[in-house]
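Trainee: Attaching a single structure in C-alpha cells format; questions to follow.
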Amino acid sequence: MKDMHRERILILDFGSQTTQLIARRVREAKVYCEIHPFSLGLDEIRKMAPKGIILSGGPASVYDQGAPKVPSGLFRLGIPILGICYGMQLTAHIMGGQVEKGVRREFGPARLVIEEHGEIFQGLAQAPVTHQVWMSHGDRIDVMPEDFVAVASSGSSPVAAMRHKRLPIFGVQFHPEVVHTEIGDDIIRNFLFRVCGCRPVWDMGSFVTAAIEDIRARVGSKRVICALSGGVDSTVTALIVNKAIGGNLISIFVNNGLLRKGEAEAVLAFLNGIGLNVHYVDAAKRFLERLKGVAEPERKRKIIGEEFIRIFEEEAGRIGQVSFLAQGTLYPDVIESVSFKGPSAVIKSHHNVGGLPEVMRLELIEPLRELFKDEVRKVAHELKMPDELIYRHPFPGPGLAIRILGDVTEERLSILREADAIVMEEIKTSGWYRKVWQAFAVLLPIRTVGVMGDERTYEHVVAIRAVDSLDAMTADWTRLPYNVLARLSNRIINEVRGVNRVCFDISSKPPATIEWE
Ligand code: XMP
C-alpha cells in the first residue's frame, strides 16, 4: 500500500459541493489522493509529503469574517499547488493580490480563452479557440499578486486562470472537476503528471494485492469476524480478507426476516459457492417478535440495530477467540470534510455495526476505507463477483421493516415481498435497473375501496419508489415511462393478493428522504 501512496495528492476542502468530484477525477487519473479540512496543519502536510496540493472551492468570500484560510507558509513548502475557484482567490489574496466582489455572480457555462499554455493548459488550443468551462463564483481577482501572470480569461473574469512565474503554483477560477468543463480532465492530468510529476500507479488490481498483504501482515494467525449483508461493500470486504487469511475469517450472515423475496437464499448460495466460511443465523422469528406492535420508525430502527448487535455478540461468543472485526466502511464515511453532508445522518439512525468494536474489544479492519463506491465496484470486478451482486441496489440495514408503514407482521411482509419482487422483475426486464439508483415497493398503513369483478374490495395500497442519485445525499424521482408504470400497477394489483391500489412516489430528496421511514 505504501508504494501506491507515495504519489499522494492532498485536497484541502473549503466546503465546496464538488470537493469529492475533484478527488474522483484525480483517482480516475490513477493517482491516490486524500481530502482533508483546510485547517490541516503545515507539519502534518509536511509529514504526508504530498506530490501536490489542490485547494477546493467553497462558499466563502476571502474578506468574510472568519473566512477559511491556509497559512502563507503553505506556498513556501515547494509543493505544487492548484487553487480552484475559492482556492484560487485565496491564493491571490494571500500572495498579495486583490480580490473584488464581482458585479454579478457568474454561474454556469462560460467560454474560456487560453492565452498561454503555462503547463496546465498543455495540449489545449489557445486563443482564438474557446473552451466551455463551468463557473460558480461571486468574487473575482482584480489585481494580480506579484510574480503571477494571467494565462486565461473568460467573459466576466479577466483572470480565469493564473500561474506563478517561477513556482509551481496555479489557480483556475472555474471548476475543472465538473463534467461541463470539457477540458477539465486535461487540466487535472496536466497538473498531476506535468506539474507534480505523479505516475499513474493507483489501480484497483494493485490495490487488491496491497490490501491483501497489509491484512496478512496485521492479522497473522489471529481470527477475524465480518458481518455480511449481501451488499457489495461487505461482500468485497469479506472477499479481500478471505484472500488474505482464508479460514481464519468467519463471516456472519444474519437473516433478520426483513429481507427481499429470495434474497437470503441467493446471498447464501453465492457466499458458499465462492468458499467463504459463512456462519448463517436465521433470526427471523426473534426480530419479528421484538417488532410486534411497533409502528414508530425510529423505534423500529433502534430495535433492529440492538437485536442485530445482540445476535452478533452471541455468535462471536460461540465462535470463540476473535481479535478483529472487518467492516465495509467507504471513503465518503471517513472524510472529515467541511462540505455539506446532507441531513440524512441525523434524521434517521442508520443501522450498522458501530459500537460493536468497543464492546467486544475488537480491532477494526476496513480495507475499503480509502475507496469511493465506483472504485469498490471496480475491485468487485477484479475479484470476479457477478454483475448482479456488484450493481445490486442499496438496501437498508433495517430492511423491509422501514418499508412497511405501521406494524410489521408476517402477513404484511409477505404482501410487500410479492409486490417488491414484481417491481424488481419489471425494472430489470424494462432495462431500468442499472439506470436508477434504487427502486422498491412500500406498503402503506391504509386500505382503500376498489372493485374487482363485481365485488367491492377494501384492501392495501402499495407505493412504488424509484430514484436517481449519485450518493444518496440528494435524489430525484425517476421519470419511469408510463408503460413501465402501467405494467407495474397492473401486475401488482392482479398478482398480489390484498392489494387494490398502486401509487408512484414523485418526491425528491430533500425535502423527502429515499426510504419512507
Ligand atoms: P434516506 O432514506 O436517508 O436513505 O434518504 C439514503 C440511503 O441510505 C439507505 N438507508 C440505509 N442504509 N442502513 C443502511 O445501511 C440504514 O438504516 C439505512 N436507512 C436508509 C437508503 O436505502 C438509501 O440508499
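Here's how to read the names in the C-alpha cells: chain A, B, ... by the order shown, residue numbers from 1 in each chain, ligand numbers from 1 in the order shown.
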Near Glu28 of chain A, within 10 Å and counting only C-alpha atoms, which residues show up once chain neighbours fewer than 5 positions away are dropped, as a ChimeraX atom specification?
Mentor: /A:22-23,185,189,200,202-203,375
Trainee: DSSP on the backbone: what in segment 72-248 of chain A comes out helix (DSSP H, G or I), as a PyMOL selection string?
Mentor: chain A and resi 72-76+86-94+184-195+204-219+232-248
Trainee: Go through segment 206-381 of chain A and collect every residue that DSSP, computed from the backbone, puts in strand (DSSP E or B); the answer should be as a list of chain:residue names.
Mentor: A:Val224, A:Ile225, A:Cys226, A:Ala227, A:Leu228, A:Leu249, A:Ile250, A:Ser251, A:Ile252, A:Phe253, A:Val254, A:Asn255, A:Val278, A:His279, A:Tyr280, A:Val281, A:Asp282, A:Phe324, A:Leu325, A:Ala326, A:Glu363, A:Leu364, A:Ile365
Trainee: For ligand 1, which of A:Phe287, A:Phe170, A:Phe440, A:Phe148 is the closest residue, counting only C-alpha atoms and all ligand atoms?
Mentor: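 Of the candidates, the smallest distance to ligand 1 is held by A:Phe440.
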Trainee: What gap, in Å, lies between atom CA of Leu405 of chain A and atom CA of Leu488 of chain A?
Mentor: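 Result for atom CA of Leu405 of chain A versus atom CA of Leu488 of chain A: 20.4 Å, one decimal.
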Trainee: Between A:Arg6, A:His36, A:Lys51, A:His93, which one has atoms that come closest to Gln20 of chain A, using only C-alpha atoms?
Mentor: A:His36
Trainee: May I ask for the distance between atom CA of Ala421 of chain A and atom CA of Lys261 of chain A, given in Å to one decimal place?
Mentor: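 So the answer is 6.4 Å.
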Trainee: What's the 6 Å shell around segment 312-327 of chain A, counting only C-alpha atoms, without same-chain residues fewer than 2 positions away, as a PDB file with all heavy atoms, in the first residue's frame?
Mentor:
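This is the output file part29.pdb:
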```pdb
ATOM      1  N   ARG A 223      -7.893 -14.442  14.487  1.00  0.00           N
ATOM      2  CA  ARG A 223      -9.158 -14.636  13.787  1.00  0.00           C
ATOM      3  C   ARG A 223      -9.916 -13.319  13.588  1.00  0.00           C
ATOM      4  O   ARG A 223      -9.854 -12.413  14.408  1.00  0.00           O
ATOM      5  CB  ARG A 223     -10.039 -15.592  14.567  1.00  0.00           C
ATOM      6  CG  ARG A 223      -9.530 -17.007  14.460  1.00  0.00           C
ATOM      7  CD  ARG A 223     -10.209 -17.829  15.486  1.00  0.00           C
ATOM      8  NE  ARG A 223     -11.078 -18.805  14.867  1.00  0.00           N
ATOM      9  CZ  ARG A 223     -11.852 -19.612  15.560  1.00  0.00           C
ATOM     10  NH1 ARG A 223     -11.905 -19.526  16.861  1.00  0.00           N
ATOM     11  NH2 ARG A 223     -12.589 -20.493  14.944  1.00  0.00           N
ATOM     12  N   VAL A 224     -10.654 -13.273  12.479  1.00  0.00           N
ATOM     13  CA  VAL A 224     -11.407 -12.076  12.101  1.00  0.00           C
ATOM     14  C   VAL A 224     -12.869 -12.468  11.906  1.00  0.00           C
ATOM     15  O   VAL A 224     -13.154 -13.509  11.324  1.00  0.00           O
ATOM     16  CB  VAL A 224     -10.866 -11.507  10.762  1.00  0.00           C
ATOM     17  CG1 VAL A 224     -11.626 -10.250  10.365  1.00  0.00           C
ATOM     18  CG2 VAL A 224      -9.375 -11.237  10.847  1.00  0.00           C
ATOM     19  N   ILE A 225     -13.783 -11.606  12.399  1.00  0.00           N
ATOM     20  CA  ILE A 225     -15.185 -11.838  12.028  1.00  0.00           C
ATOM     21  C   ILE A 225     -15.668 -10.683  11.168  1.00  0.00           C
ATOM     22  O   ILE A 225     -15.126  -9.579  11.207  1.00  0.00           O
ATOM     23  CB  ILE A 225     -16.157 -12.001  13.222  1.00  0.00           C
ATOM     24  CG1 ILE A 225     -15.907 -10.919  14.264  1.00  0.00           C
ATOM     25  CG2 ILE A 225     -16.149 -13.382  13.780  1.00  0.00           C
ATOM     26  CD1 ILE A 225     -16.989 -10.871  15.308  1.00  0.00           C
ATOM     27  N   CYS A 226     -16.723 -10.953  10.428  1.00  0.00           N
ATOM     28  CA  CYS A 226     -17.231  -9.958   9.497  1.00  0.00           C
ATOM     29  C   CYS A 226     -18.735 -10.150   9.411  1.00  0.00           C
ATOM     30  O   CYS A 226     -19.213 -11.283   9.390  1.00  0.00           O
ATOM     31  CB  CYS A 226     -16.571 -10.220   8.142  1.00  0.00           C
ATOM     32  SG  CYS A 226     -17.199  -9.208   6.826  1.00  0.00           S
ATOM     33  N   ILE A 309     -26.957  -6.457  17.047  1.00  0.00           N
ATOM     34  CA  ILE A 309     -25.719  -6.476  17.841  1.00  0.00           C
ATOM     35  C   ILE A 309     -25.741  -7.629  18.838  1.00  0.00           C
ATOM     36  O   ILE A 309     -24.755  -8.336  19.022  1.00  0.00           O
ATOM     37  CB  ILE A 309     -25.526  -5.114  18.543  1.00  0.00           C
ATOM     38  CG1 ILE A 309     -25.177  -4.069  17.480  1.00  0.00           C
ATOM     39  CG2 ILE A 309     -24.436  -5.186  19.611  1.00  0.00           C
ATOM     40  CD1 ILE A 309     -24.852  -2.709  17.981  1.00  0.00           C
ATOM     41  N   ARG A 310     -26.920  -7.841  19.448  1.00  0.00           N
ATOM     42  CA  ARG A 310     -27.037  -8.933  20.421  1.00  0.00           C
ATOM     43  C   ARG A 310     -26.718 -10.274  19.759  1.00  0.00           C
ATOM     44  O   ARG A 310     -25.934 -11.066  20.285  1.00  0.00           O
ATOM     45  CB  ARG A 310     -28.478  -8.938  20.964  1.00  0.00           C
ATOM     46  CG  ARG A 310     -28.552  -9.477  22.363  1.00  0.00           C
ATOM     47  CD  ARG A 310     -29.915  -9.238  22.949  1.00  0.00           C
ATOM     48  NE  ARG A 310     -30.184  -7.841  23.283  1.00  0.00           N
ATOM     49  CZ  ARG A 310     -31.391  -7.383  23.611  1.00  0.00           C
ATOM     50  NH1 ARG A 310     -32.429  -8.191  23.616  1.00  0.00           N
ATOM     51  NH2 ARG A 310     -31.567  -6.117  23.930  1.00  0.00           N
ATOM     52  N   THR A 329     -16.486  -0.112   5.567  1.00  0.00           N
ATOM     53  CA  THR A 329     -16.542   1.360   5.589  1.00  0.00           C
ATOM     54  C   THR A 329     -15.938   1.937   4.302  1.00  0.00           C
ATOM     55  O   THR A 329     -14.867   1.517   3.888  1.00  0.00           O
ATOM     56  CB  THR A 329     -15.701   1.881   6.773  1.00  0.00           C
ATOM     57  OG1 THR A 329     -15.994   1.084   7.908  1.00  0.00           O
ATOM     58  CG2 THR A 329     -15.953   3.339   7.042  1.00  0.00           C
ATOM     59  N   LEU A 362     -12.669  -5.336  19.864  1.00  0.00           N
ATOM     60  CA  LEU A 362     -12.132  -5.838  18.596  1.00  0.00           C
ATOM     61  C   LEU A 362     -11.398  -4.720  17.882  1.00  0.00           C
ATOM     62  O   LEU A 362     -11.800  -3.564  17.951  1.00  0.00           O
ATOM     63  CB  LEU A 362     -13.270  -6.323  17.701  1.00  0.00           C
ATOM     64  CG  LEU A 362     -14.025  -7.536  18.187  1.00  0.00           C
ATOM     65  CD1 LEU A 362     -15.219  -7.802  17.295  1.00  0.00           C
ATOM     66  CD2 LEU A 362     -13.113  -8.744  18.220  1.00  0.00           C
ATOM     67  N   GLU A 363     -10.356  -5.090  17.187  1.00  0.00           N
ATOM     68  CA  GLU A 363      -9.681  -4.111  16.344  1.00  0.00           C
ATOM     69  C   GLU A 363     -10.372  -4.122  14.989  1.00  0.00           C
ATOM     70  O   GLU A 363     -10.847  -5.155  14.540  1.00  0.00           O
ATOM     71  CB  GLU A 363      -8.225  -4.507  16.149  1.00  0.00           C
ATOM     72  CG  GLU A 363      -7.308  -3.965  17.211  1.00  0.00           C
ATOM     73  CD  GLU A 363      -5.878  -4.328  16.881  1.00  0.00           C
ATOM     74  OE1 GLU A 363      -5.358  -3.821  15.863  1.00  0.00           O
ATOM     75  OE2 GLU A 363      -5.317  -5.148  17.608  1.00  0.00           O
ATOM     76  N   LEU A 364     -10.416  -2.958  14.331  1.00  0.00           N
ATOM     77  CA  LEU A 364     -11.129  -2.880  13.053  1.00  0.00           C
ATOM     78  C   LEU A 364     -10.217  -3.139  11.865  1.00  0.00           C
ATOM     79  O   LEU A 364      -9.077  -2.701  11.836  1.00  0.00           O
ATOM     80  CB  LEU A 364     -11.721  -1.478  12.887  1.00  0.00           C
ATOM     81  CG  LEU A 364     -13.007  -1.186  13.634  1.00  0.00           C
ATOM     82  CD1 LEU A 364     -13.442   0.237  13.350  1.00  0.00           C
ATOM     83  CD2 LEU A 364     -14.096  -2.157  13.197  1.00  0.00           C
ATOM     84  N   ILE A 365     -10.783  -3.843  10.896  1.00  0.00           N
ATOM     85  CA  ILE A 365     -10.115  -3.967   9.597  1.00  0.00           C
ATOM     86  C   ILE A 365     -11.068  -3.377   8.570  1.00  0.00           C
ATOM     87  O   ILE A 365     -12.200  -3.846   8.426  1.00  0.00           O
ATOM     88  CB  ILE A 365      -9.839  -5.439   9.256  1.00  0.00           C
ATOM     89  CG1 ILE A 365      -8.782  -5.966  10.215  1.00  0.00           C
ATOM     90  CG2 ILE A 365      -9.368  -5.593   7.816  1.00  0.00           C
ATOM     91  CD1 ILE A 365      -8.378  -7.377   9.928  1.00  0.00           C
ATOM     92  N   GLU A 366     -10.634  -2.329   7.903  1.00  0.00           N
ATOM     93  CA  GLU A 366     -11.519  -1.663   6.949  1.00  0.00           C
ATOM     94  C   GLU A 366     -10.794  -1.480   5.615  1.00  0.00           C
ATOM     95  O   GLU A 366     -10.345  -0.380   5.305  1.00  0.00           O
ATOM     96  CB  GLU A 366     -11.960  -0.312   7.510  1.00  0.00           C
ATOM     97  CG  GLU A 366     -12.723  -0.428   8.812  1.00  0.00           C
ATOM     98  CD  GLU A 366     -13.060   0.914   9.448  1.00  0.00           C
ATOM     99  OE1 GLU A 366     -12.140   1.737   9.601  1.00  0.00           O
ATOM    100  OE2 GLU A 366     -14.231   1.116   9.776  1.00  0.00           O
TER     101      GLU A 366
END
```
Trainee: Of the candidates A:Leu470, A:Met144, A:Ala295, A:Met4, which one gets nearest to ligand 1 if we count only C-alpha atoms and all ligand atoms?
Mentor: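 Closest residue, counting only C-alpha atoms and all ligand atoms: A:Leu470.
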Trainee: Between A:Val278, A:Val178, A:Leu249, A:Leu239, which has the minimum distance to Gln17 of chain A (counting only C-alpha atoms)?
Mentor: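 Comparing A:Val278, A:Val178, A:Leu249, A:Leu239 against Gln17 of chain A, the winner is A:Val178.
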Trainee: Pro37 of chain A: which residues within 12 Å, counting only C-alpha atoms, same-chain residues fewer than 6 positions away excluded, as a short mmCIF file (atom, residue, chain, number, x, y, z; two decimals) with N, CA and C atoms, in the first residue's frame?
Mentor:
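What follows is the written file around_15.cif:
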```cif
data_model
loop_
_atom_site.label_atom_id
_atom_site.label_comp_id
_atom_site.auth_asym_id
_atom_site.auth_seq_id
_atom_site.Cartn_x
_atom_site.Cartn_y
_atom_site.Cartn_z
N LEU A 10 -2.91 15.88 -2.00
CA LEU A 10 -3.80 16.32 -0.92
C LEU A 10 -4.82 17.30 -1.48
N ILE A 11 -6.07 17.13 -1.06
CA ILE A 11 -7.09 18.09 -1.45
C ILE A 11 -7.55 18.77 -0.17
N LEU A 12 -7.33 20.07 -0.08
CA LEU A 12 -7.79 20.79 1.11
C LEU A 12 -9.17 21.33 0.81
N ASP A 13 -10.11 21.01 1.69
CA ASP A 13 -11.52 21.28 1.42
C ASP A 13 -11.97 22.60 2.08
N PHE A 14 -12.53 23.47 1.26
CA PHE A 14 -13.07 24.73 1.78
C PHE A 14 -14.59 24.72 1.75
N GLY A 15 -15.18 23.54 1.61
CA GLY A 15 -16.64 23.43 1.72
C GLY A 15 -17.38 23.42 0.40
N SER A 16 -16.67 23.18 -0.70
CA SER A 16 -17.36 23.14 -1.98
C SER A 16 -18.22 21.89 -2.09
N THR A 19 -16.04 19.04 -3.92
CA THR A 19 -14.72 18.57 -3.47
C THR A 19 -14.52 17.08 -3.76
N GLU A 44 1.67 18.55 9.61
CA GLU A 44 1.03 17.32 9.13
C GLU A 44 1.20 17.20 7.61
N ILE A 45 1.04 18.33 6.93
CA ILE A 45 1.18 18.29 5.47
C ILE A 45 2.60 17.86 5.10
N ILE A 54 -4.28 20.41 -3.88
CA ILE A 54 -5.35 21.12 -4.59
C ILE A 54 -6.21 21.82 -3.54
N LEU A 55 -6.43 23.11 -3.73
CA LEU A 55 -7.29 23.86 -2.82
C LEU A 55 -8.67 23.91 -3.47
N SER A 56 -9.67 23.41 -2.78
CA SER A 56 -11.01 23.30 -3.39
C SER A 56 -11.70 24.66 -3.44
N GLY A 58 -15.27 26.88 -2.48
CA GLY A 58 -16.02 26.96 -1.23
C GLY A 58 -16.94 28.16 -1.28
N PRO A 68 -12.38 30.82 5.73
CA PRO A 68 -11.36 29.77 5.89
C PRO A 68 -10.07 30.15 5.17
N LYS A 69 -8.95 29.96 5.85
CA LYS A 69 -7.66 30.37 5.28
C LYS A 69 -6.67 29.21 5.43
N VAL A 70 -5.56 29.33 4.72
CA VAL A 70 -4.42 28.44 4.97
C VAL A 70 -3.25 29.34 5.34
N ILE A 335 -14.26 10.76 5.37
CA ILE A 335 -13.77 12.12 5.09
C ILE A 335 -14.27 13.08 6.14
N GLU A 336 -13.33 13.77 6.70
CA GLU A 336 -13.70 14.77 7.69
C GLU A 336 -13.76 16.09 6.93
N SER A 337 -14.76 16.17 6.05
CA SER A 337 -14.76 17.33 5.15
C SER A 337 -15.65 18.41 5.73
N VAL A 338 -15.45 19.64 5.28
CA VAL A 338 -16.32 20.71 5.77
C VAL A 338 -17.52 20.88 4.83
N SER A 339 -17.64 19.96 3.88
CA SER A 339 -18.72 20.08 2.91
C SER A 339 -20.08 19.81 3.54
#
```
